[in-house]
Each structure stands twice: as C-alpha cells, then as structure tokens.
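Let me begin by presenting the structure, written as structure tokens, before commenting on it.
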Amino acid sequence: AAKLWNVARWTAGRVWDACGQIPDDSVLKSYLKSHERYADLNAQSSQQVLEELDEAFRGWYGHRDNGNEKANPPGYRKNGDEH
C-alpha cells in the first residue's frame, strides 16, 4: 500500500507542478489502474489508498484555506507505514 501511495503522491505532485491542481482520487484511479503497484493489491484496497491520499490533500487544502501557512501537503510513506 505504501508503494501505491508513493506512486500516486509522486503523480499528483507532477500534475500539481504542471497545472497547479491536484488530481482527485477518481483521476488517479483511472490513470494508475494499469500501474503495477495498483495491481499489487486487490482493487478495493488500491482504491482505498487513493481515496485516503485524496482525503489527505483535501485536509491540507482546508488547513491552508483556514490560514495555517505551516500546513504541509501529504508526504511519502515508508514500507510498512500504512497511516
């Protein structure tokens, strides 16, 4: 799960750098569906990982919108670090 999170986080970062927006979980699901890390898990688990990443980005945006300039976007995960 950590590997899929990291692939999705990297992908989201690239999209963010290119157009200034973070892709939501539905975009990431469509884009990463054929990626080997997505296939490493069952479909439901892969979808859950991408939904968690989307939720983490929305939480970060919420903190930034509320004036918390110190809030950081979701980071990468180490193997075995599921949350």
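By order in the structure tokens, chains are A, B, ...; within a chain, residues start at 1; ligands start at 1, following the order shown.
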
- Message: Applying 10 Å and only C-alpha atoms, which residues near Pro23 (chain A) remain after dropping the ones on its own chain fewer than 6 positions away? List them as a list of chain:residue names.
- Response: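 The residues that qualify are A:Ala8, A:Thr11, A:Ala12, A:Gly13, A:Arg14, A:Val15, A:Trp16, A:Lys29, A:Tyr31, A:Asp54, A:Phe57.
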
- Message: For a quick check of understanding, using only C-alpha atoms, which of A:Gly62, A:Leu28, A:Pro74, A:Asn79 has the smallest distance to Ser46 (chain A)?
- Response: A:Leu28

- Residue among A:Lys70, A:Gly59, A:Ser45, A:Leu32 lying closest to Trp10 (chain A), counting only C-alpha atoms: A:Leu32

- Message: Please compute the CA of Glu51 (chain A)-CA of Gly67 (chain A) distance, one decimal, in Å.
- Response: 24.7 Å

- Message: Quick one: residues within 12 Å of Val49 (chain A), only C-alpha atoms, excluding same-chain residues fewer than 3 positions away - as number ranges by chain?
- Response: A: 1-9, 25-26, 28-29, 32, 37-38, 41-46, 52-56, 77, 82-83

- Task: Pick out each residue of chain A that DSSP on the backbone tags as helix (DSSP H, G or I); I need them as a PyMOL selection string.
- Result: chain A and resi 2-19+25-32+36-40+43-65

- Residue nearest Gln47 (chain A) - candidates A:Glu69, A:Asp24, A:Gly75, A:His63, atoms counted: only C-alpha atoms: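 The answer is A:Asp24, which sits nearest to Gln47 (chain A).
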
- Across A:Gln48, A:Arg58, A:Ala39, A:Ser34, the smallest distance to Ile22 (chain A), with only C-alpha atoms counted, is shown by A:Arg58

- Query: What is the CA of Pro73 (chain A)-CA of Trp60 (chain A) distance in Å, reported with one decimal?
  - Reply: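 That distance, rounded to one decimal, is 5.7 Å.
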
- Just give me the gap between CA of Leu50 (chain A) and CA of Arg64 (chain A) in Å, one decimal is fine. 21.2 Å
